[in-house]
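Asker: Input upload_17.cif, format and content: mmCIF, C-alpha atoms and all ligand atoms.
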```cif
data_model
loop_
_atom_site.label_atom_id
_atom_site.label_comp_id
_atom_site.auth_asym_id
_atom_site.auth_seq_id
_atom_site.Cartn_x
_atom_site.Cartn_y
_atom_site.Cartn_z
CA MET J 220 23.81 166.86 128.32
CA LYS J 221 23.63 164.24 125.59
CA GLN J 222 25.70 161.07 125.68
CA LEU J 223 25.92 158.55 122.87
CA ILE J 224 27.09 154.99 123.46
CA ARG J 225 28.07 153.30 120.21
CA ASN J 226 28.55 149.59 119.51
CA ALA J 227 27.16 148.28 122.78
CA ARG J 228 26.10 144.67 123.12
CA LEU J 229 22.56 144.23 124.43
CA GLU J 230 20.97 140.96 125.46
CA THR J 231 17.91 140.37 123.27
CA GLY J 232 16.66 136.89 124.15
CA TYR J 233 17.54 133.32 125.00
CA GLN J 234 18.35 130.67 122.44
CA THR J 235 16.84 127.34 123.36
CA LYS J 236 17.32 123.75 122.27
CA ASP J 237 14.96 121.02 123.45
CA GLU J 238 13.32 123.67 125.70
CA VAL J 239 16.59 124.38 127.45
CA VAL J 240 18.34 127.76 127.29
CA ILE J 241 21.73 127.17 125.69
CA LYS J 242 22.80 130.71 124.86
CA THR J 243 21.97 134.39 125.32
CA ASN J 244 21.35 136.21 122.05
CA THR J 245 22.81 139.70 121.75
CA GLU J 246 22.83 142.56 119.27
CA ILE J 247 25.26 145.41 118.77
CA THR J 248 23.50 148.76 118.92
CA ASP J 249 23.78 152.46 119.82
CA LEU J 250 22.07 154.22 122.72
CA LEU J 251 21.38 157.91 123.12
CA ILE J 252 21.10 159.33 126.62
CA GLU J 253 19.55 162.72 127.35
CA GLU J 254 19.18 164.26 130.81
CA GLY J 255 20.28 160.97 132.35
CA HIS J 256 17.76 158.74 130.56
CA PHE J 257 17.81 156.57 127.46
CA THR J 258 15.99 158.41 124.68
CA LYS J 259 16.91 156.38 121.58
CA ILE J 260 18.11 152.82 121.13
CA GLY J 261 18.97 151.43 117.71
CA PRO J 262 21.81 150.64 115.34
CA HIS J 263 23.82 153.45 113.70
CA LEU J 264 22.05 156.39 115.35
CA GLN J 265 22.65 159.62 113.44
CA GLU J 266 22.83 161.86 116.49
CA SER J 267 25.32 164.32 117.76
CA ALA J 268 26.21 164.22 121.45
CA ASP J 269 28.36 166.04 123.99
CA VAL J 270 30.09 162.79 124.89
CA THR J 271 30.49 159.67 122.75
CA ILE J 272 31.58 156.34 124.19
CA ASP J 273 32.67 153.55 121.86
CA ALA J 274 31.68 150.37 123.72
CA LYS J 275 33.63 148.22 121.25
CA LYS J 276 31.01 145.45 121.47
CA GLN J 277 31.23 145.21 125.25
CA LEU J 278 28.11 144.05 127.08
CA LEU J 279 25.92 146.82 128.49
CA LEU J 280 24.29 145.83 131.79
CA PRO J 281 22.52 147.60 134.66
CA SER J 282 24.88 149.05 137.26
CA LEU J 283 25.28 147.29 140.61
CA ARG J 284 23.94 148.12 144.07
CA GLU J 285 25.72 147.50 147.39
CA MET J 286 22.87 147.08 149.84
CA HIS J 287 24.67 146.41 153.13
CA ILE J 288 27.99 147.89 154.11
CA HIS J 289 29.51 149.85 157.01
CA ILE J 290 31.69 152.54 155.45
CA ASP J 291 32.31 154.19 158.83
CA LYS J 292 34.36 151.54 160.60
CA THR J 293 36.65 149.86 158.15
CA TYR J 294 40.29 148.86 158.02
CA PHE J 295 40.04 149.20 154.22
CA GLY J 296 42.60 151.62 152.83
CA ASN J 297 44.99 150.87 155.68
CA GLY J 298 47.52 148.06 156.03
CA TRP J 299 46.53 144.46 156.63
CA GLN J 300 45.03 143.68 159.99
CA ALA J 301 43.06 140.57 160.92
CA PRO J 302 40.22 140.69 163.47
CA ILE J 303 41.01 139.32 166.93
CA PRO J 304 39.14 136.16 168.01
CA ALA J 305 35.62 136.98 169.25
CA LYS J 306 35.83 135.03 172.51
CA ASN J 307 32.56 136.47 173.72
CA GLY J 308 30.80 136.79 170.37
CA ILE J 309 29.25 140.14 169.56
CA TYR J 310 30.14 141.47 173.04
CA THR J 311 33.85 141.16 172.21
CA ARG J 312 33.27 143.40 169.21
CA LEU J 313 31.16 145.92 171.12
CA GLU J 314 33.83 146.15 173.83
CA GLU J 315 36.47 146.61 171.13
CA GLU J 316 34.48 149.39 169.45
CA LYS J 317 34.44 151.48 172.63
CA THR J 318 38.11 152.31 172.09
CA LEU J 319 38.74 151.35 168.45
CA LEU J 320 36.18 153.65 166.85
CA PRO J 321 37.26 156.79 168.75
CA GLU J 322 40.88 155.90 167.81
CA GLN J 323 39.94 155.47 164.13
CA LEU J 324 37.94 158.69 164.02
CA GLU J 325 40.86 160.65 162.61
CA VAL J 326 41.22 158.32 159.60
CA ALA J 327 37.59 157.26 159.20
CA GLU J 328 36.72 159.99 156.71
CA GLN J 329 39.61 159.15 154.37
CA ARG J 330 38.84 155.44 154.57
CA ALA J 331 35.18 156.07 153.73
CA HIS J 332 36.30 157.98 150.61
CA THR J 333 38.61 155.11 149.62
CA MET J 334 35.79 152.65 150.05
CA ILE J 335 33.26 154.60 147.96
CA GLN J 336 35.77 155.07 145.14
CA HIS J 337 36.44 151.32 145.27
CA TYR J 338 32.70 150.60 144.97
CA ILE J 339 32.38 152.98 142.01
CA ARG J 340 35.27 151.28 140.18
CA LEU J 341 33.50 147.98 140.72
CA GLY J 342 30.32 149.12 139.00
CA HIS J 343 28.11 150.37 141.83
CA THR J 344 25.90 153.43 141.49
CA HIS J 345 24.05 152.89 144.77
CA ILE J 346 25.25 152.21 148.32
CA ARG J 347 23.30 151.59 151.51
CA THR J 348 25.56 152.04 154.51
CA HIS J 349 24.86 151.36 158.14
CA VAL J 350 26.50 153.94 160.39
CA ASN J 351 27.22 153.45 164.08
CA VAL J 352 25.31 155.50 166.59
CA ASP J 353 26.56 154.33 169.98
CA PRO J 354 27.32 155.83 173.41
CA GLN J 355 30.94 156.60 172.46
CA ILE J 356 30.70 157.71 168.82
CA LYS J 357 27.33 159.40 169.32
CA THR J 358 26.42 161.22 166.06
CA LYS J 359 30.01 161.74 164.88
CA HIS J 360 29.96 158.92 162.31
CA VAL J 361 26.62 159.99 160.85
CA GLN J 362 27.96 163.52 160.39
CA LEU J 363 31.17 162.19 158.86
CA VAL J 364 29.44 159.78 156.48
CA LYS J 365 26.95 162.43 155.34
CA ARG J 366 29.85 164.79 154.63
CA VAL J 367 31.72 162.14 152.63
CA LEU J 368 28.71 160.95 150.63
CA GLN J 369 27.76 164.51 149.70
CA ASP J 370 30.99 164.61 147.66
CA TYR J 371 29.61 161.77 145.47
CA GLU J 372 26.10 163.13 145.01
CA ASN J 373 26.61 163.55 141.26
CA GLN J 374 27.98 160.02 140.95
CA ILE J 375 25.95 157.67 143.11
CA THR J 376 22.74 157.49 145.09
CA TYR J 377 22.88 156.34 148.68
CA GLU J 378 20.97 155.46 151.83
CA ILE J 379 22.19 155.95 155.39
CA VAL J 380 21.02 153.73 158.23
CA ALA J 381 21.44 155.21 161.73
CA PHE J 382 22.57 152.02 163.39
CA PRO J 383 22.42 151.50 167.19
CA GLN J 384 25.09 148.79 167.02
CA HIS J 385 25.40 148.57 170.81
CA GLY J 386 21.68 148.04 171.39
CA LEU J 387 18.77 150.39 171.82
CA LEU J 388 17.82 150.07 175.49
CA ARG J 389 20.81 148.59 177.29
CA ASN J 390 22.67 151.91 177.39
CA GLY J 391 19.95 153.84 179.18
CA SER J 392 17.43 156.46 178.12
CA GLU J 393 20.14 159.05 177.43
CA PHE J 394 21.18 156.89 174.46
CA LEU J 395 17.77 157.36 172.88
CA THR J 396 18.38 161.12 172.87
CA ILE J 397 21.65 160.50 171.00
CA LEU J 398 19.88 158.28 168.47
CA GLU J 399 17.20 160.92 167.94
CA ASP J 400 19.94 163.50 167.37
CA ALA J 401 21.34 161.21 164.64
CA LEU J 402 17.90 160.79 163.04
CA LYS J 403 17.46 164.58 163.04
CA LEU J 404 20.62 164.92 160.92
CA GLY J 405 18.74 163.37 158.00
CA VAL J 406 19.11 159.66 157.35
CA THR J 407 16.97 157.25 155.35
CA HIS J 408 16.65 154.39 157.83
CA ILE J 409 16.85 153.48 161.48
CA GLY J 410 18.78 150.26 162.15
CA GLY J 411 18.84 147.72 164.91
CA VAL J 412 20.37 144.44 165.99
CA ASP J 413 18.88 141.27 167.44
CA PRO J 414 16.24 142.76 169.78
CA ALA J 415 15.81 139.40 171.53
CA SER J 416 19.41 138.58 172.31
CA LEU J 417 21.10 141.99 172.57
CA ASP J 418 18.51 144.06 174.43
CA ARG J 419 16.52 141.01 175.58
CA ASN J 420 13.32 142.94 175.06
CA ILE J 421 11.77 142.43 171.64
CA GLY J 422 8.55 144.32 172.35
CA GLU J 423 10.16 147.45 173.76
CA VAL J 424 12.89 147.58 171.09
CA LEU J 425 10.40 147.21 168.26
CA ALA J 426 7.90 149.67 169.78
CA THR J 427 10.68 152.28 170.10
CA THR J 428 12.15 151.55 166.67
CA PHE J 429 8.80 151.78 164.88
CA ALA J 430 7.84 154.93 166.82
CA LEU J 431 11.11 156.64 165.87
CA ALA J 432 10.83 155.46 162.24
CA LYS J 433 7.35 156.95 162.04
CA LYS J 434 8.35 160.19 163.80
CA TYR J 435 11.32 160.78 161.46
CA ASN J 436 9.65 159.28 158.39
CA VAL J 437 12.43 156.75 157.74
CA GLY J 438 12.60 153.08 156.81
CA ILE J 439 13.88 150.29 159.04
CA ASP J 440 16.84 148.00 158.29
CA MET J 441 17.50 145.59 161.12
CA HIS J 442 20.45 143.22 161.58
CA LEU J 443 18.95 139.87 162.57
CA HIS J 444 21.54 137.22 163.43
CA ASP J 445 19.28 135.38 165.88
CA ARG J 446 18.62 131.97 164.43
CA ASP J 447 16.01 129.25 164.26
CA THR J 448 12.76 129.77 166.16
CA LEU J 449 14.04 132.82 168.05
CA GLY J 450 14.92 134.62 164.81
CA ALA J 451 11.63 133.52 163.25
CA PHE J 452 9.75 134.87 166.28
CA GLU J 453 11.52 138.24 165.90
CA ILE J 454 10.53 138.39 162.23
CA HIS J 455 6.90 137.58 163.09
CA ARG J 456 6.92 140.34 165.72
CA ILE J 457 8.34 142.83 163.19
CA LEU J 458 5.55 141.84 160.79
CA ASP J 459 2.99 142.25 163.59
CA PHE J 460 4.22 145.80 164.19
CA ILE J 461 4.07 146.63 160.47
CA GLU J 462 0.48 145.41 160.29
CA GLN J 463 -0.72 146.88 163.58
CA LYS J 464 0.92 150.28 163.05
CA LYS J 465 0.04 150.29 159.33
CA PHE J 466 3.72 151.09 158.81
CA SER J 467 4.28 151.95 155.17
CA GLN J 468 7.97 152.89 155.10
CA PRO J 469 10.34 150.22 153.66
CA VAL J 470 11.52 147.49 156.04
CA THR J 471 14.62 145.37 155.39
CA LEU J 472 15.90 142.40 157.35
CA SER J 473 19.68 142.12 157.06
CA HIS J 474 21.17 138.62 157.33
CA ALA J 475 17.91 137.09 158.66
CA PHE J 476 19.72 133.81 159.36
CA ALA J 477 16.54 132.33 160.80
CA LEU J 478 15.19 131.97 157.26
CA ALA J 479 17.95 129.43 156.61
CA GLY J 480 17.26 127.21 159.60
CA ILE J 481 13.51 126.82 160.10
CA SER J 482 11.18 124.15 158.77
CA ASP J 483 9.55 124.46 155.34
CA ASN J 484 6.16 125.12 156.92
CA GLU J 485 7.50 127.91 159.12
CA LEU J 486 9.39 129.37 156.17
CA ASP J 487 6.29 129.30 153.93
CA GLU J 488 4.29 131.17 156.56
CA LEU J 489 7.01 133.79 157.07
CA MET J 490 7.61 134.29 153.34
CA GLN J 491 3.91 134.85 152.73
CA ARG J 492 3.72 137.49 155.46
CA MET J 493 6.96 139.14 154.31
CA ALA J 494 5.77 139.33 150.71
CA GLU J 495 2.40 140.76 151.77
CA ASN J 496 4.12 143.43 153.83
CA LYS J 497 6.86 144.08 151.23
CA VAL J 498 9.60 143.25 153.73
CA ASP J 499 12.84 142.61 151.85
CA VAL J 500 16.03 140.81 152.79
CA THR J 501 19.72 141.57 152.38
CA THR J 502 22.30 138.80 152.53
CA THR J 503 26.06 138.51 152.20
CA VAL J 504 25.62 134.94 150.85
CA VAL J 505 27.21 133.30 153.86
CA ILE J 506 29.44 130.33 153.16
CA SER J 507 29.20 128.18 156.27
CA ASP J 508 28.41 124.65 157.32
CA GLU J 509 26.02 126.00 159.98
CA ASN J 510 22.85 126.37 157.90
CA LEU J 511 23.22 130.12 157.43
CA THR J 512 22.85 130.43 153.66
CA LEU J 513 19.44 131.87 152.83
CA PRO J 514 17.12 130.13 150.34
CA VAL J 515 17.46 133.12 148.02
CA LYS J 516 15.66 131.75 144.97
CA LYS J 517 12.82 130.36 147.09
CA LEU J 518 12.39 133.76 148.75
CA TYR J 519 12.34 135.44 145.33
CA ASP J 520 9.85 132.91 143.93
CA ASN J 521 7.60 133.64 146.89
CA GLY J 522 7.61 137.38 146.32
CA VAL J 523 10.33 138.43 148.79
CA THR J 524 12.93 140.80 147.31
CA VAL J 525 16.51 139.76 148.06
CA SER J 526 19.60 141.96 147.67
CA PHE J 527 23.29 141.29 148.18
CA GLY J 528 25.77 143.22 150.29
CA HIS J 529 29.32 142.75 151.49
CA ASP J 530 28.85 144.01 155.08
CA SER J 531 32.61 144.40 155.56
CA LEU J 532 35.63 145.14 153.39
CA THR J 533 37.95 143.95 156.13
CA ASP J 534 37.24 145.47 159.52
CA HIS J 535 37.45 144.39 163.15
CA TRP J 536 34.47 142.05 162.59
CA SER J 537 35.59 140.16 159.48
CA PRO J 538 38.60 139.86 157.17
CA PHE J 539 36.29 139.04 154.22
CA GLY J 540 34.25 141.12 151.82
CA THR J 541 35.80 142.52 148.68
CA GLY J 542 33.27 145.05 147.40
CA ASP J 543 33.35 143.09 144.16
CA THR J 544 29.70 142.23 143.58
CA ILE J 545 30.44 140.21 140.44
CA GLN J 546 32.60 137.99 142.64
CA LYS J 547 29.71 137.85 145.15
CA LEU J 548 27.36 136.69 142.37
CA ASN J 549 29.94 134.11 141.33
CA LEU J 550 30.10 132.83 144.91
CA PHE J 551 26.31 132.68 144.97
CA ILE J 552 25.94 130.62 141.80
CA GLU J 553 28.64 128.22 142.93
CA ARG J 554 27.00 127.89 146.35
CA CYS J 555 23.62 127.19 144.69
CA GLY J 556 25.07 124.86 142.06
CA TYR J 557 23.80 127.02 139.18
CA ILE J 558 25.75 125.97 136.10
CA ASP J 559 23.46 126.81 133.18
CA GLU J 560 23.12 130.03 131.17
CA TYR J 561 19.54 130.72 132.34
CA GLN J 562 19.98 130.36 136.10
CA ILE J 563 23.28 132.20 136.15
CA SER J 564 21.91 134.99 133.98
CA GLN J 565 18.79 135.55 136.10
CA SER J 566 20.89 135.73 139.29
CA LEU J 567 22.04 139.21 138.29
CA ARG J 568 18.79 140.57 139.75
CA TYR J 569 20.06 140.27 143.34
CA ALA J 570 22.85 142.74 142.64
CA SER J 571 21.09 145.23 140.38
CA GLY J 572 17.98 146.25 142.26
CA GLY J 573 15.99 143.55 140.49
CA ILE J 574 16.90 144.62 136.96
CA THR J 575 17.89 142.02 134.37
CA PRO J 576 18.02 142.70 130.62
CA LEU J 577 15.88 139.59 130.01
CA ASN J 578 12.92 138.65 132.17
CA GLU J 579 12.17 135.09 133.25
CA GLN J 580 10.35 134.47 129.96
CA GLY J 581 13.42 135.64 128.03
CA GLU J 582 11.83 138.88 126.84
CA GLN J 583 14.04 141.93 126.61
CA VAL J 584 12.90 144.33 129.36
CA TRP J 585 15.97 146.52 129.88
CA PRO J 586 17.12 149.01 128.79
CA LYS J 587 13.96 150.74 127.59
CA ILE J 588 13.39 154.31 126.45
CA GLY J 589 12.86 156.42 129.57
CA ASP J 590 14.92 154.19 131.89
CA GLN J 591 17.60 155.97 133.88
CA ALA J 592 21.00 155.36 132.28
CA ASN J 593 22.73 153.58 135.17
CA LEU J 594 24.95 151.02 133.47
CA ILE J 595 28.23 149.21 133.22
CA LEU J 596 30.18 148.09 130.18
CA VAL J 597 31.73 144.67 130.73
CA ASP J 598 34.09 142.59 128.62
CA ALA J 599 31.61 139.72 128.46
CA VAL J 600 29.13 138.34 125.95
CA SER J 601 26.28 137.67 128.39
CA SER J 602 25.28 138.23 132.03
CA ALA J 603 25.99 134.56 132.67
CA HIS J 604 29.47 134.87 131.16
CA MET J 605 30.19 137.91 133.32
CA ILE J 606 29.10 136.18 136.53
CA ALA J 607 30.62 132.75 135.88
CA ARG J 608 33.98 134.02 134.67
CA GLN J 609 34.07 137.26 136.69
CA CYS J 610 34.66 139.43 133.63
CA PRO J 611 36.05 142.93 134.18
CA ILE J 612 34.13 146.22 134.06
CA SER J 613 35.65 148.94 131.87
CA THR J 614 33.08 151.72 132.25
CA VAL J 615 30.56 152.83 134.84
CA VAL J 616 27.82 155.31 133.91
CA SER J 617 25.49 156.90 136.44
CA ALA J 618 22.47 158.87 135.17
CA GLY J 619 24.31 159.24 131.84
CA GLU J 620 27.58 160.52 133.32
CA ILE J 621 30.75 158.45 133.05
CA ILE J 622 31.91 158.01 136.65
CA TYR J 623 34.64 155.48 135.90
CA GLN J 624 36.47 154.36 132.80
CA THR J 625 39.58 152.27 132.28
CA ASP J 626 41.33 150.62 129.39
CA ILE J 627 41.24 146.85 129.39
CA ALA J 628 42.43 144.45 126.73
CA LEU J 629 39.14 143.23 125.25
CA LYS J 630 38.77 139.50 124.66
CA GLY J 631 34.99 139.14 124.31
CA ALA J 632 33.83 135.54 124.31
CA TYR J 633 37.41 134.38 124.60
CA ARG J 634 37.83 135.92 128.04
CA GLY J 635 38.49 132.85 130.17
ZN ZN J 701 26.16 144.84 159.01
#
```
When written as structure tokens, how does the structure in this file appear?
Ligand SMILES: [Zn+2]
Answerer:
Amino acid sequence: MKQLIRNARLETGYQTKDEVVIKTNTEITDLLIEEGHFTKIGPHLQESADVTIDAKKQLLLPSLREMHIHIDKTYFGNGWQAPIPAKNGIYTRLEEEKTLLPEQLEVAEQRAHTMIQHYIRLGHTHIRTHVNVDPQIKTKHVQLVKRVLQDYENQITYEIVAFPQHGLLRNGSEFLTILEDALKLGVTHIGGVDPASLDRNIGEVLATTFALAKKYNVGIDMHLHDRDTLGAFEIHRILDFIEQKKFSQPVTLSHAFALAGISDNELDELMQRMAENKVDVTTTVVISDENLTLPVKKLYDNGVTVSFGHDSLTDHWSPFGTGDTIQKLNLFIERCGYIDEYQISQSLRYASGGITPLNEQGEQVWPKIGDQANLILVDAVSSAHMIARQCPISTVVSAGEIIYQTDIALKGAYRG
């Protein structure tokens, strides 16, 4: 298959004045895609193709990645329902799940479809979903999610985290058999949640988690809500395990609130170890007055990869989360006080798997010949414009295939 995108706007560099970036330079060009990869980029390409897209001067950017969601236990796609107050914190939710998830089982598959289609419309070509494995649901959700995601195999890539939401040890040894059954079904990661506060046994939880990850050759993505020195201690213990076991599969810390609340010295030490061990972080960009917002740029500057995720699109845990990652980026820049073209523009990396058209020096680094053609067309004139004004996506392309396209009235730079 050959696809030709005509009249696309590519970012080519930054315009500076008095050493300050004041504008992103762009050029209108054509791009040829063959077998899912860019093979020619230049103006007025004289090529024939099976499919031709006229971008009409829309901005061509890397597609987005949703790196933390639970597509198996959502209210999304159903009527409005707010969560009930969590009088006993996480234990309220776990108690609720014992009956709620079996009740929702009948509609869970349809809701997962609705959610994935929503993510595709909003420019995502990759989703990492955590999927409950607990004493009630057992492996049913993993089976269901695998079935649903298989339907989108030609549209998106995905990762599935077998997630022992109700703890690893506190439900007895028979639960470990259930978790192993889930891992045998074929997932990419084993999950976890607060080994110190939920199972109250950091060493045993981590020993079991790392042993299972090694046995089934999967990565680890652990929810860490524990804060301050307790959370920092958990992260150090995870790093100890990685080093001692020479664990080479990817390890992600989701939320990792501790990184927001410890001293600069403690943070420096943790960031150095995380960078050395290639441990990355996923955050929802928490808006709270409780010191929960991660120092995202500082982590990045110290070599720790940070990705964004929504975690919920309205479920029994939270009424928030929209699946709109451009909105998430907008929230992030407002939270950080980023108002200039350069800082806003570079923030795209947290939502695109690290890809930005311009690197930190302003050199054009994407798209290049040979890159996989995962892209969006946006009615914007720069990445910064898209993020600051939340400009709409008209087209989503995954490995060269159009997976979503809609007509929007194009306004270019005049889009508010
Ligand atoms: Zn989560």
Asker: What does the distance between CA of Ser537 (chain J) and CA of Lys292 (chain J) come to in Å, to one decimal place?
Answerer: 11.5 Å
Asker: Using all atoms listed in the file, determine which residues fall within 7 Å of ligand ZN 701 (chain J), then list them as a list in words.
Answerer: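 So, counting all atoms listed in the file, the residues near ligand ZN 701 (chain J) are His287, Ile288, His289, His349, His442 and Asp530 of chain J.
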Asker: Save the residues we just selected, C-alpha atoms, as a CSV table (one decimal), in the coordinates of the input?
Answerer:
```csv
chain,number,residue,atom,x,y,z
J,287,HIS,CA,24.7,146.4,153.1
J,288,ILE,CA,28.0,147.9,154.1
J,289,HIS,CA,29.5,149.8,157.0
J,349,HIS,CA,24.9,151.4,158.1
J,442,HIS,CA,20.4,143.2,161.6
J,530,ASP,CA,28.8,144.0,155.1
```
Asker: Work out how far CA of Val500 (chain J) is from CA of Val523 (chain J), in Å to one decimal.
Answerer: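 CA of Val500 (chain J) lies 7.4 Å from CA of Val523 (chain J).
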Asker: Could you check the closest approach to Gly581 (chain J) for each of J:Asn593, J:Ala426, J:Ala227, J:Tyr561 and tell me which residue wins, using all atoms listed in the file?
Answerer: J:Tyr561
Asker: Between CA of Ser531 (chain J) and CA of Ala570 (chain J), what distance in Å does the model show, to one decimal?
Answerer: 16.3 Å
Asker: Quick one: residues within 10 Å of Gly391 (chain J), all atoms listed in the file, excluding same-chain residues fewer than 5 positions away - as a PDB file with C-alpha atoms, in the coordinates of the input?
Answerer:
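Done, and the output landed in part_4.pdb:
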```
ATOM      1  CA  PRO J 354      27.320 155.830 173.410  1.00  0.00           C
ATOM      2  CA  GLY J 386      21.680 148.040 171.390  1.00  0.00           C
ATOM      3  CA  THR J 396      18.380 161.120 172.870  1.00  0.00           C
TER       4      THR J 396
END
```
Asker: Could you give me, as a short mmCIF file (atom, residue, chain, number, x, y, z; two decimals) with C-alpha atoms, keeping the file's coordinate frame, the residues within 9 Å of Ile627 (chain J), counting only C-alpha atoms and dropping anything in the same chain fewer than 5 positions from it?
Answerer:
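Saved the output as around-v2.cif:
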```cif
data_model
loop_
_atom_site.label_atom_id
_atom_site.label_comp_id
_atom_site.auth_asym_id
_atom_site.auth_seq_id
_atom_site.Cartn_x
_atom_site.Cartn_y
_atom_site.Cartn_z
CA ASP J 598 34.09 142.59 128.62
CA PRO J 611 36.05 142.93 134.18
CA ILE J 612 34.13 146.22 134.06
CA SER J 613 35.65 148.94 131.87
#
```
Asker: Neighbours of Ala401 (chain J) within 10 Å (all atoms listed in the file; same-chain residues fewer than 6 positions away dropped), as a list of chain:residue names?
Answerer: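 Using all atoms listed in the file, the neighbours found are J:Val350, J:Asn351, J:Val352, J:Lys357, J:Thr358, J:Lys359, J:His360, J:Val361, J:Gln362, J:Val380, J:Ala381, J:Phe382, J:Leu395, J:Ile409.
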Asker: Do a neighbour search on Ser482 (chain J) at 12 Å with all atoms listed in the file, toss out local chain neighbours closer than 6 positions, and write the hits as a ChimeraX atom specification.
Answerer: /J:447-448,451,488-489,510,514
Asker: Can I get the selection written as a PDB file, in the frame of the given file, with C-alpha atoms?
Answerer:
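Ended up saving to out_16.pdb:
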```pdb
ATOM      1  CA  ASP J 447      16.010 129.250 164.260  1.00  0.00           C
ATOM      2  CA  THR J 448      12.760 129.770 166.160  1.00  0.00           C
ATOM      3  CA  ALA J 451      11.630 133.520 163.250  1.00  0.00           C
ATOM      4  CA  GLU J 488       4.290 131.170 156.560  1.00  0.00           C
ATOM      5  CA  LEU J 489       7.010 133.790 157.070  1.00  0.00           C
ATOM      6  CA  ASN J 510      22.850 126.370 157.900  1.00  0.00           C
ATOM      7  CA  PRO J 514      17.120 130.130 150.340  1.00  0.00           C
TER       8      PRO J 514
END
```
Asker: Using all atoms listed in the file, which residue out of J:Met334, J:Ile356, J:Leu387, J:Leu550 lies closest to Thr427 (chain J)?
Answerer: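 Answer, going by the shortest atom-to-atom distance: J:Leu387.
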Asker: Quick one: residues within 10 Å of Ile309 (chain J), only C-alpha atoms counted, chain neighbours fewer than 4 positions away excluded, as JSON, numbers by chain?
Answerer: {"J": [305, 313, 314, 315, 384, 385, 417, 536]}
